[in-house]
>>> print(open('start.cif').read())   # mmCIF, N, CA and C atoms
data_structure
loop_
_atom_site.label_atom_id
_atom_site.label_comp_id
_atom_site.auth_asym_id
_atom_site.auth_seq_id
_atom_site.Cartn_x
_atom_site.Cartn_y
_atom_site.Cartn_z
N MET N 1 -94.52 18.91 338.46
CA MET N 1 -95.17 17.82 337.76
C MET N 1 -94.15 16.73 337.51
N ASN N 2 -94.55 15.49 337.69
CA ASN N 2 -93.70 14.35 337.47
C ASN N 2 -94.31 13.52 336.37
N GLN N 3 -93.54 13.18 335.34
CA GLN N 3 -94.06 12.39 334.24
C GLN N 3 -93.16 11.20 333.99
N SER N 4 -93.74 10.08 333.61
CA SER N 4 -92.97 8.94 333.14
C SER N 4 -93.61 8.45 331.86
N ILE N 5 -92.79 8.16 330.89
CA ILE N 5 -93.28 7.71 329.59
C ILE N 5 -93.16 6.18 329.54
N GLY N 6 -94.17 5.53 329.06
CA GLY N 6 -94.20 4.07 328.95
C GLY N 6 -95.48 3.72 328.23
N MET N 7 -96.20 2.75 328.75
CA MET N 7 -97.49 2.40 328.16
C MET N 7 -98.43 3.58 328.18
N GLY N 8 -98.37 4.36 329.24
CA GLY N 8 -99.15 5.58 329.37
C GLY N 8 -98.28 6.62 330.02
N LYS N 9 -98.76 7.81 330.06
CA LYS N 9 -98.03 8.90 330.71
C LYS N 9 -98.63 9.11 332.08
N THR N 10 -97.79 9.17 333.10
CA THR N 10 -98.25 9.42 334.46
C THR N 10 -97.86 10.83 334.86
N ALA N 11 -98.80 11.55 335.44
CA ALA N 11 -98.53 12.92 335.89
C ALA N 11 -98.99 13.05 337.34
N ILE N 12 -98.15 13.67 338.15
CA ILE N 12 -98.51 13.99 339.52
C ILE N 12 -98.66 15.50 339.59
N LEU N 13 -99.87 15.95 339.88
CA LEU N 13 -100.16 17.37 339.91
C LEU N 13 -100.48 17.80 341.34
N SER N 14 -99.77 18.80 341.82
CA SER N 14 -100.15 19.40 343.09
C SER N 14 -101.17 20.49 342.79
N ILE N 15 -101.79 21.04 343.79
CA ILE N 15 -102.84 22.05 343.58
C ILE N 15 -102.27 23.22 342.79
N GLY N 16 -102.97 23.58 341.72
CA GLY N 16 -102.59 24.72 340.90
C GLY N 16 -101.63 24.39 339.76
N LYS N 17 -101.11 23.18 339.68
CA LYS N 17 -100.19 22.80 338.60
C LYS N 17 -101.00 22.33 337.40
N SER N 18 -100.53 22.71 336.20
CA SER N 18 -101.27 22.35 335.00
C SER N 18 -100.56 21.25 334.21
N PHE N 19 -101.33 20.61 333.35
CA PHE N 19 -100.85 19.52 332.51
C PHE N 19 -101.61 19.55 331.20
N ARG N 20 -100.90 19.51 330.06
CA ARG N 20 -101.56 19.47 328.76
C ARG N 20 -101.90 18.03 328.45
N LEU N 21 -103.17 17.78 328.17
CA LEU N 21 -103.63 16.42 327.92
C LEU N 21 -102.93 15.80 326.72
N LYS N 22 -102.97 16.46 325.59
CA LYS N 22 -102.27 16.06 324.37
C LYS N 22 -102.16 17.29 323.49
N ARG N 23 -101.33 17.22 322.47
CA ARG N 23 -101.19 18.34 321.55
C ARG N 23 -102.56 18.65 320.93
N GLY N 24 -102.94 19.92 320.97
CA GLY N 24 -104.22 20.33 320.43
C GLY N 24 -105.39 20.15 321.39
N LYS N 25 -105.11 19.68 322.59
CA LYS N 25 -106.16 19.47 323.59
C LYS N 25 -105.99 20.49 324.71
N ASP N 26 -106.94 20.50 325.64
CA ASP N 26 -106.93 21.45 326.74
C ASP N 26 -105.89 21.12 327.80
N ASN N 27 -105.64 22.09 328.66
CA ASN N 27 -104.85 21.90 329.87
C ASN N 27 -105.81 21.56 330.99
N ILE N 28 -105.31 20.80 331.97
CA ILE N 28 -106.07 20.56 333.19
C ILE N 28 -105.23 21.04 334.37
N VAL N 29 -105.91 21.42 335.44
CA VAL N 29 -105.27 21.89 336.66
C VAL N 29 -105.94 21.19 337.83
N TYR N 30 -105.14 20.65 338.75
CA TYR N 30 -105.74 20.04 339.94
C TYR N 30 -106.20 21.15 340.86
N ALA N 31 -107.49 21.12 341.23
CA ALA N 31 -108.08 22.17 342.04
C ALA N 31 -108.36 21.73 343.48
N GLY N 32 -107.87 20.56 343.88
CA GLY N 32 -108.01 20.12 345.26
C GLY N 32 -109.29 19.36 345.52
N MET N 33 -109.58 19.23 346.82
CA MET N 33 -110.76 18.50 347.28
C MET N 33 -111.66 19.44 348.07
N PRO N 34 -112.82 19.80 347.51
CA PRO N 34 -113.73 20.68 348.24
C PRO N 34 -114.39 19.99 349.43
N SER N 35 -114.36 18.65 349.45
CA SER N 35 -114.86 17.89 350.59
C SER N 35 -114.05 16.60 350.68
N GLU N 36 -114.27 15.82 351.72
CA GLU N 36 -113.54 14.57 351.89
C GLU N 36 -113.91 13.53 350.84
N GLU N 37 -115.06 13.68 350.22
CA GLU N 37 -115.55 12.68 349.27
C GLU N 37 -115.54 13.13 347.81
N ALA N 38 -114.93 14.29 347.51
CA ALA N 38 -114.92 14.78 346.13
C ALA N 38 -113.61 15.48 345.82
N TYR N 39 -113.20 15.40 344.55
CA TYR N 39 -112.03 16.15 344.09
C TYR N 39 -112.42 16.95 342.86
N SER N 40 -111.61 17.96 342.53
CA SER N 40 -111.93 18.85 341.43
C SER N 40 -110.74 19.02 340.49
N ILE N 41 -111.03 18.99 339.21
CA ILE N 41 -110.04 19.25 338.16
C ILE N 41 -110.60 20.38 337.31
N ALA N 42 -109.81 21.42 337.11
CA ALA N 42 -110.23 22.54 336.26
C ALA N 42 -109.74 22.27 334.84
N GLN N 43 -110.61 22.49 333.88
CA GLN N 43 -110.27 22.35 332.46
C GLN N 43 -110.12 23.74 331.88
N LYS N 44 -108.97 24.02 331.25
CA LYS N 44 -108.67 25.36 330.73
C LYS N 44 -108.61 25.34 329.21
N LYS N 45 -109.26 26.32 328.61
CA LYS N 45 -109.15 26.58 327.17
C LYS N 45 -108.52 27.94 327.01
N SER N 46 -107.64 28.06 326.04
CA SER N 46 -107.03 29.38 325.80
C SER N 46 -106.76 29.55 324.32
N ASN N 47 -106.76 30.82 323.93
CA ASN N 47 -106.47 31.20 322.55
C ASN N 47 -105.73 32.52 322.64
N GLY N 48 -104.41 32.48 322.51
CA GLY N 48 -103.62 33.70 322.68
C GLY N 48 -103.69 34.17 324.12
N TYR N 49 -104.08 35.43 324.30
CA TYR N 49 -104.18 35.98 325.65
C TYR N 49 -105.56 35.81 326.26
N GLN N 50 -106.47 35.19 325.55
CA GLN N 50 -107.81 34.98 326.08
C GLN N 50 -107.97 33.52 326.49
N GLY N 51 -108.70 33.30 327.55
CA GLY N 51 -108.93 31.94 327.99
C GLY N 51 -110.02 31.89 329.03
N TYR N 52 -110.47 30.70 329.30
CA TYR N 52 -111.46 30.49 330.34
C TYR N 52 -111.30 29.08 330.88
N ALA N 53 -111.85 28.82 332.04
CA ALA N 53 -111.73 27.52 332.68
C ALA N 53 -113.00 27.23 333.47
N TRP N 54 -113.22 25.98 333.73
CA TRP N 54 -114.35 25.57 334.55
C TRP N 54 -113.91 24.36 335.37
N ASN N 55 -114.53 24.20 336.54
CA ASN N 55 -114.20 23.09 337.43
C ASN N 55 -115.08 21.89 337.13
N LEU N 56 -114.47 20.73 337.14
CA LEU N 56 -115.16 19.46 337.02
C LEU N 56 -115.03 18.76 338.38
N PHE N 57 -116.14 18.29 338.93
CA PHE N 57 -116.14 17.66 340.24
C PHE N 57 -116.43 16.17 340.09
N TYR N 58 -115.66 15.36 340.82
CA TYR N 58 -115.81 13.90 340.76
C TYR N 58 -115.83 13.34 342.17
N PRO N 59 -116.59 12.24 342.38
CA PRO N 59 -116.53 11.55 343.66
C PRO N 59 -115.13 10.95 343.84
N LYS N 60 -114.64 10.92 345.06
CA LYS N 60 -113.29 10.42 345.33
C LYS N 60 -113.11 8.98 344.84
N ARG N 61 -114.14 8.18 344.87
CA ARG N 61 -114.03 6.77 344.47
C ARG N 61 -113.98 6.58 342.95
N ARG N 62 -114.30 7.63 342.20
CA ARG N 62 -114.31 7.51 340.74
C ARG N 62 -112.89 7.59 340.19
N ARG N 63 -112.49 6.57 339.45
CA ARG N 63 -111.12 6.48 338.95
C ARG N 63 -111.00 6.71 337.45
N ASP N 64 -111.99 6.29 336.68
CA ASP N 64 -111.97 6.49 335.22
C ASP N 64 -112.75 7.74 334.87
N ILE N 65 -112.05 8.71 334.26
CA ILE N 65 -112.71 9.95 333.85
C ILE N 65 -112.29 10.29 332.43
N THR N 66 -113.09 11.09 331.76
CA THR N 66 -112.78 11.54 330.41
C THR N 66 -112.88 13.06 330.38
N ILE N 67 -111.80 13.70 329.93
CA ILE N 67 -111.76 15.16 329.82
C ILE N 67 -111.28 15.50 328.42
N ASP N 68 -112.04 16.33 327.71
CA ASP N 68 -111.72 16.76 326.35
C ASP N 68 -111.46 15.56 325.43
N GLY N 69 -112.24 14.50 325.63
CA GLY N 69 -112.13 13.30 324.80
C GLY N 69 -110.95 12.40 325.15
N ILE N 70 -110.21 12.71 326.19
CA ILE N 70 -109.06 11.92 326.61
C ILE N 70 -109.43 11.13 327.86
N ARG N 71 -109.24 9.81 327.81
CA ARG N 71 -109.54 8.98 328.97
C ARG N 71 -108.37 9.03 329.94
N LEU N 72 -108.69 9.25 331.21
CA LEU N 72 -107.69 9.34 332.27
C LEU N 72 -108.03 8.32 333.35
N TYR N 73 -107.01 7.82 334.03
CA TYR N 73 -107.21 6.94 335.17
C TYR N 73 -106.56 7.60 336.38
N VAL N 74 -107.35 7.83 337.42
CA VAL N 74 -106.85 8.46 338.64
C VAL N 74 -106.28 7.35 339.53
N GLU N 75 -104.96 7.36 339.69
CA GLU N 75 -104.31 6.33 340.49
C GLU N 75 -104.35 6.66 341.98
N ARG N 76 -104.25 7.96 342.30
CA ARG N 76 -104.22 8.37 343.70
C ARG N 76 -104.67 9.82 343.78
N VAL N 77 -105.45 10.13 344.81
CA VAL N 77 -105.89 11.51 345.01
C VAL N 77 -105.85 11.83 346.50
N THR N 78 -105.24 12.97 346.83
CA THR N 78 -105.19 13.48 348.20
C THR N 78 -105.58 14.95 348.14
N PRO N 79 -105.80 15.59 349.28
CA PRO N 79 -106.12 17.02 349.23
C PRO N 79 -105.00 17.88 348.62
N GLU N 80 -103.76 17.39 348.65
CA GLU N 80 -102.63 18.17 348.13
C GLU N 80 -102.24 17.84 346.70
N GLU N 81 -102.49 16.60 346.22
CA GLU N 81 -102.08 16.24 344.87
C GLU N 81 -102.90 15.10 344.31
N ILE N 82 -102.78 14.94 342.98
CA ILE N 82 -103.48 13.86 342.27
C ILE N 82 -102.47 13.22 341.33
N GLU N 83 -102.55 11.90 341.21
CA GLU N 83 -101.71 11.16 340.26
C GLU N 83 -102.64 10.56 339.22
N ILE N 84 -102.40 10.93 337.96
CA ILE N 84 -103.25 10.46 336.87
C ILE N 84 -102.40 9.77 335.80
N ARG N 85 -103.03 8.82 335.12
CA ARG N 85 -102.37 8.16 333.99
C ARG N 85 -103.20 8.43 332.74
N VAL N 86 -102.51 8.86 331.70
CA VAL N 86 -103.17 9.17 330.43
C VAL N 86 -103.04 7.98 329.51
#
>>> encode(input="start.cif", output="structure tokens")
Amino acid sequence: MNQSIGMGKTAILSIGKSFRLKRGKDNIVYAGMPSEEAYSIAQKKSNGYQGYAWNLFYPKRRRDITIDGIRLYVERVTPEEIEIRV
């Protein structure tokens, strides 16, 4: 994961890498592109040793998304990685 701090935080996630949205919020994991026109981000909740996750699917052209109340901007998405700004 690559992060830069400034006006917003930028994260580059390869498939399977996780990122905590903010303190007290969920983790997200880039789950790749199930088709050429869609990408998937898994949202994970955990409490101790218990947890669960679900996939969120978005059209490739969609750049503004909200996960767990946090607005994200998708700067770049490929089958191998996604670059998001928080």
>>> closest_residue(input="start.cif", among="N:Ser18, N:Ser35, N:Asn47, N:Ser40", to="N:Ile65", atoms="only C-alpha atoms")
N:Ser40
>>> closest_residue(input="start.cif", among="N:Pro79, N:Arg63, N:Ser46, N:Lys9", to="N:Gly32", atoms="all atoms listed in the file")
N:Pro79
>>> residues_near_point(input="start.cif", point="(-107.1, 7.0, 337.7)", cutoff="7 Å", atoms="only C-alpha atoms", output="list in words")
Arg63, Asp64, Leu72, Tyr73, Val74, Glu75, Arg76, Ile84 and Arg85 of chain N
>>> write_last_selection(input="start.cif", atoms="N, CA and C atoms", output="tab-separated table (two decimals), keeping the file's coordinate frame")
chain	number	residue	atom	x	y	z
N	63	ARG	N	-112.49	6.57	339.45
N	63	ARG	CA	-111.12	6.48	338.95
N	63	ARG	C	-111.00	6.71	337.45
N	64	ASP	N	-111.99	6.29	336.68
N	64	ASP	CA	-111.97	6.49	335.22
N	64	ASP	C	-112.75	7.74	334.87
N	72	LEU	N	-108.69	9.25	331.21
N	72	LEU	CA	-107.69	9.34	332.27
N	72	LEU	C	-108.03	8.32	333.35
N	73	TYR	N	-107.01	7.82	334.03
N	73	TYR	CA	-107.21	6.94	335.17
N	73	TYR	C	-106.56	7.60	336.38
N	74	VAL	N	-107.35	7.83	337.42
N	74	VAL	CA	-106.85	8.46	338.64
N	74	VAL	C	-106.28	7.35	339.53
N	75	GLU	N	-104.96	7.36	339.69
N	75	GLU	CA	-104.31	6.33	340.49
N	75	GLU	C	-104.35	6.66	341.98
N	76	ARG	N	-104.25	7.96	342.30
N	76	ARG	CA	-104.22	8.37	343.70
N	76	ARG	C	-104.67	9.82	343.78
N	84	ILE	N	-102.40	10.93	337.96
N	84	ILE	CA	-103.25	10.46	336.87
N	84	ILE	C	-102.40	9.77	335.80
N	85	ARG	N	-103.03	8.82	335.12
N	85	ARG	CA	-102.37	8.16	333.99
N	85	ARG	C	-103.20	8.43	332.74
>>> closest_residue(input="start.cif", among="N:Ile82, N:Leu56, N:Ile70, N:Val77", to="N:Lys22", atoms="only N, CA and C atoms")
N:Ile70
>>> atom_distance(input="start.cif", atom1="atom CA of N:Pro34", atom2="atom C of N:Thr78")
10.0 Å
>>> atom_distance(input="start.cif", atom1="atom CA of N:Arg62", atom2="atom N of N:Lys25")
23.7 Å
>>> residues_around(input="start.cif", residues="N:Trp54", least_positions_apart="2", cutoff="7 Å", atoms="all atoms listed in the file", output="number ranges by chain")
N: 41-45, 52, 56
>>> closest_residue(input="start.cif", among="N:Met33, N:Ile28, N:Glu80, N:Arg71", to="N:Tyr58", atoms="only C-alpha atoms")
N:Met33
>>> atom_distance(input="start.cif", atom1="atom CA of N:Glu83", atom2="atom CA of N:Arg61")
13.7 Å
>>> select_by_dssp(input="start.cif", residues="stretch 22-81 of chain N", states="strand (DSSP E or B)", output="PyMOL selection string")
chain N and resi 27-30+35+38-47+50-59+64-67+70-77+81
